[in-house]
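Undergrad: Contents of query_32.txt (compact mmCIF, C-alpha atoms) are given next:
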```txt
# COMPACT_ATOMS: atom_id res chain seq x y z
CA MET Y 1 0.00 0.00 0.00
CA THR Y 2 2.69 2.50 0.91
CA ALA Y 3 4.67 1.70 -2.24
CA ALA Y 4 1.57 2.31 -4.35
CA ALA Y 5 0.93 5.56 -2.49
CA GLN Y 6 4.47 6.72 -3.24
CA VAL Y 7 4.02 5.93 -6.95
CA VAL Y 8 0.67 7.75 -7.07
CA SER Y 9 2.19 10.70 -5.22
CA ALA Y 10 5.12 10.86 -7.67
CA VAL Y 11 2.80 10.70 -10.69
CA LEU Y 12 0.52 13.42 -9.30
CA SER Y 13 3.48 15.58 -8.37
CA SER Y 14 4.91 15.39 -11.89
CA SER Y 15 1.52 16.01 -13.54
CA HIS Y 16 0.82 18.98 -11.24
CA HIS Y 17 4.30 20.41 -12.01
CA GLY Y 18 5.49 20.18 -8.40
CA ALA Y 19 2.54 21.99 -6.83
CA SER Y 20 1.45 20.53 -3.52
CA ASP Y 21 -2.26 20.80 -4.15
CA PHE Y 22 -3.10 17.17 -3.38
CA SER Y 23 -2.66 14.64 -0.62
CA VAL Y 24 -2.46 10.88 -0.67
CA ILE Y 25 -3.90 9.15 2.38
CA VAL Y 26 -3.08 5.53 3.06
CA PRO Y 27 -5.79 3.80 5.13
CA ALA Y 28 -3.21 1.54 6.75
CA GLU Y 29 -1.50 4.58 8.25
CA LEU Y 30 -4.82 5.84 9.61
CA LEU Y 31 -5.51 2.43 11.10
CA ALA Y 32 -2.06 2.32 12.70
CA GLU Y 33 -2.61 5.78 14.20
CA GLN Y 34 -6.00 4.74 15.54
CA GLN Y 35 -4.47 1.63 17.12
CA ARG Y 36 -1.72 3.73 18.76
CA THR Y 37 -4.36 6.09 20.14
CA GLU Y 38 -6.44 3.17 21.40
CA ARG Y 39 -3.44 1.62 23.17
CA LEU Y 40 -2.67 4.96 24.85
CA PHE Y 41 -6.31 5.36 25.90
CA ASN Y 42 -6.36 1.82 27.33
CA ALA Y 43 -3.16 2.46 29.28
CA VAL Y 44 -4.59 5.65 30.77
CA MET Y 45 -7.83 3.87 31.70
CA VAL Y 46 -5.90 1.04 33.38
CA ALA Y 47 -3.89 3.58 35.37
CA ILE Y 48 -7.03 5.42 36.50
CA ALA Y 49 -8.78 2.15 37.40
CA SER Y 50 -5.74 0.95 39.36
CA ILE Y 51 -5.59 4.15 41.38
CA SER Y 52 -9.34 3.93 42.05
CA LEU Y 53 -9.06 0.31 43.20
CA PHE Y 54 -6.15 1.17 45.47
CA VAL Y 55 -8.02 4.06 47.07
CA GLY Y 56 -11.13 1.89 47.46
CA GLY Y 57 -9.00 -0.82 49.04
CA ILE Y 58 -7.61 1.63 51.56
CA GLY Y 59 -11.21 2.60 52.39
CA ILE Y 60 -12.12 -1.05 52.95
CA MET Y 61 -9.05 -1.51 55.13
CA ASN Y 62 -10.03 1.50 57.25
CA ILE Y 63 -13.60 0.25 57.65
CA MET Y 64 -12.32 -3.15 58.75
CA LEU Y 65 -9.89 -1.62 61.20
CA ALA Y 66 -12.53 0.72 62.63
CA SER Y 67 -15.10 -2.08 63.05
CA ILE Y 68 -12.57 -4.33 64.77
CA LEU Y 69 -11.33 -1.62 67.10
CA GLU Y 70 -14.90 -0.51 67.87
CA ARG Y 71 -15.78 -4.00 69.04
CA HIS Y 72 -13.02 -3.87 71.62
CA THR Y 73 -13.31 -0.32 72.94
CA ARG Y 74 -13.12 -1.42 76.56
CA ASN Y 75 -9.59 -2.77 75.96
CA TRP Y 76 -8.11 0.56 74.95
CA SER Y 77 -6.94 1.48 78.44
CA SER Y 78 -3.66 -0.40 78.29
CA PRO Y 79 -1.01 -1.02 75.61
CA ARG Y 80 -1.87 -4.69 75.85
CA GLY Y 81 -5.48 -3.71 75.08
CA TRP Y 82 -4.43 -2.41 71.67
CA ARG Y 83 -2.97 -5.79 70.80
CA ALA Y 84 -6.10 -7.49 72.08
CA ALA Y 85 -8.32 -5.21 70.03
CA ILE Y 86 -7.00 -6.67 66.79
CA PRO Y 87 -8.45 -10.15 66.44
CA THR Y 88 -6.21 -13.11 66.04
CA SER Y 89 -8.94 -15.07 64.34
CA PHE Y 90 -8.26 -15.06 60.61
CA ASP Y 91 -11.76 -16.45 59.98
CA SER Y 92 -13.50 -13.38 61.38
CA LEU Y 93 -11.46 -11.14 59.10
CA VAL Y 94 -12.31 -13.25 56.06
CA VAL Y 95 -16.03 -13.28 56.89
CA GLU Y 96 -16.17 -9.51 57.40
CA ALA Y 97 -14.09 -8.74 54.31
CA THR Y 98 -16.18 -11.10 52.20
CA THR Y 99 -19.42 -9.57 53.45
CA ILE Y 100 -18.28 -6.03 52.75
CA SER Y 101 -16.89 -7.00 49.34
CA PHE Y 102 -20.01 -8.89 48.26
CA THR Y 103 -22.26 -6.06 49.42
CA GLY Y 104 -20.18 -3.42 47.64
CA GLY Y 105 -19.93 -5.49 44.45
CA THR Y 106 -23.66 -6.18 44.40
CA LEU Y 107 -24.52 -2.51 44.98
CA GLY Y 108 -22.05 -1.54 42.26
CA ILE Y 109 -23.76 -3.85 39.78
CA ILE Y 110 -27.24 -2.65 40.75
CA PHE Y 111 -26.38 1.05 40.62
CA GLY Y 112 -24.19 0.60 37.53
CA PHE Y 113 -27.15 -0.29 35.35
CA TYR Y 114 -28.86 3.09 35.86
CA PRO Y 115 -26.14 5.30 34.33
CA VAL Y 116 -25.71 2.91 31.39
CA SER Y 117 -29.40 2.82 30.58
CA SER Y 118 -29.87 6.57 31.07
CA HIS Y 119 -26.86 7.27 28.88
CA ARG Y 120 -28.39 5.07 26.20
CA LEU Y 121 -31.63 7.04 26.33
CA VAL Y 122 -30.21 10.56 26.65
CA ALA Y 123 -27.27 10.37 24.24
CA GLY Y 124 -28.81 7.86 21.86
CA TRP Y 125 -25.67 5.74 21.89
CA SER Y 126 -25.84 2.01 21.95
CA THR Y 127 -24.17 0.55 25.00
CA ILE Y 128 -23.34 -3.09 25.49
CA VAL Y 129 -23.12 -4.66 28.93
CA THR Y 130 -22.05 -8.28 28.80
CA ALA Y 131 -22.29 -10.90 31.50
CA SER Y 132 -18.53 -11.38 31.33
CA SER Y 133 -17.88 -7.69 32.07
CA ILE Y 134 -20.24 -7.84 35.05
CA ALA Y 135 -18.58 -11.02 36.31
CA LEU Y 136 -15.11 -9.52 35.89
CA ALA Y 137 -16.07 -6.35 37.76
CA PHE Y 138 -17.62 -8.40 40.56
CA LEU Y 139 -14.53 -10.64 40.76
CA VAL Y 140 -12.24 -7.62 40.96
CA SER Y 141 -14.46 -6.14 43.68
CA ILE Y 142 -14.29 -9.33 45.72
CA SER Y 143 -10.54 -9.75 45.31
CA VAL Y 144 -9.75 -6.12 46.22
CA GLY Y 145 -12.07 -6.38 49.22
CA LEU Y 146 -10.49 -9.60 50.43
CA VAL Y 147 -6.90 -8.46 49.93
CA PHE Y 148 -7.35 -5.11 51.65
CA GLY Y 149 -9.92 -6.38 54.17
CA ILE Y 150 -7.68 -9.15 55.45
CA TYR Y 151 -4.57 -7.00 55.58
CA ILE Y 152 -4.86 -4.83 58.65
CA PRO Y 153 -1.70 -3.09 59.80
CA ARG Y 154 -0.66 -4.37 63.18
```
As structure tokens, what does this structure read like?
TA:
Amino acid sequence: MTAAAQVVSAVLSSSHHGASDFSVIVPAELLAEQQRTERLFNAVMVAIASISLFVGGIGIMNIMLASILERHTRNWSSPRGWRAAIPTSFDSLVVEATTISFTGGTLGIIFGFYPVSSHRLVAGWSTIVTASSIALAFLVSISVGLVFGIYIPR
């Protein structure tokens, strides 16, 4: 394609006596530019999503820490009470983190349908929500919740 474009450009240049009053556009170059732009856009979106997940994970970790410390408020009077306030039972952390993660993921799915459907009606754009995208979002929600919910700084 590019070789043919160079030949066409040379022929037009000679027939137009060197005047630059034309342009030759190769669709392959446009496609390559679009793919570069799409890769850049995807990288930016991944960076934004990663930062959002990290901030959300810190929020989950703070909620877990606050709920655990609140349960043991009477033990705050001594330094040993601080150590006792953080549970040693790994199971209780997993249950709480799973509950918070499942609740947040379910609410995210429920409230995520409204903006998509309203955007479809207002802007007139067709939007596609697949079961795999919902499952992936829910899986990421659960995994971030479990990782940050189980890790509580001691």
Undergrad: Of the candidates Y:Gly112, Y:Gly104, Y:Pro27, Y:Gly124, which shows the shortest atom-to-atom distance to Ile60 in chain Y, using only C-alpha atoms?
TA: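 When distances to Ile60 in chain Y are compared using only C-alpha atoms, the smallest one comes from Y:Gly104.
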Undergrad: Which one is closest to Thr106 in chain Y: Y:Val94, Y:Ala28, Y:Val122, Y:Ile134? Count all atoms listed in the file.
TA: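 Under the stated criterion, the closest residue is Y:Ile134.
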Undergrad: How many Å separate CA of Ser101 in chain Y from CA of Gly145 in chain Y?
TA: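 These atoms are spaced 4.9 Å apart.
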Undergrad: Figure out the distance between CA of Thr37 in chain Y and CA of Val7 in chain Y, please, to one decimal in Å.
TA: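 Computing it gives 28.4 Å between the two atoms.
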Undergrad: Report, in Å with one decimal, the straight-line distance from CA of Gly57 in chain Y to CA of Glu70 in chain Y.
TA: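 Computed distance, CA of Gly57 in chain Y to CA of Glu70 in chain Y, equals 19.7 Å.
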Undergrad: Closest to Val140 in chain Y among Y:Ala32, Y:Val44, Y:Ala49, Y:Ile128, using all atoms listed in the file?
TA: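 Ranked by minimum distance to Val140 in chain Y, first place goes to Y:Ala49.
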Undergrad: Of the candidates Y:Phe148, Y:Ser13, Y:Ile142, Y:Ser52, which shows the shortest atom-to-atom distance to Thr103 in chain Y, using all atoms listed in the file?
TA: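 Residue with the minimum atom-to-atom distance to Thr103 in chain Y: Y:Ile142.
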Undergrad: Pick the closest to Gly108 in chain Y from Y:Arg120, Y:Tyr151, Y:Leu146, Y:Ala137: which is it, counting only C-alpha atoms?
TA: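 Among the listed residues, the smallest separation from Gly108 in chain Y belongs to Y:Ala137.
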Undergrad: Give, as AutoDock Vina command-line options, the centre coordinates and the x, y and z edge lengths in Å to one decimal for an axis-aligned box around all listed atoms of range 142-149 of chain Y, padded by 8 Å on each side.
TA:
```
--center_x -10.6 --center_y -7.4 --center_z 49.7 --size_x 23.4 --size_y 20.6 --size_z 24.9
```
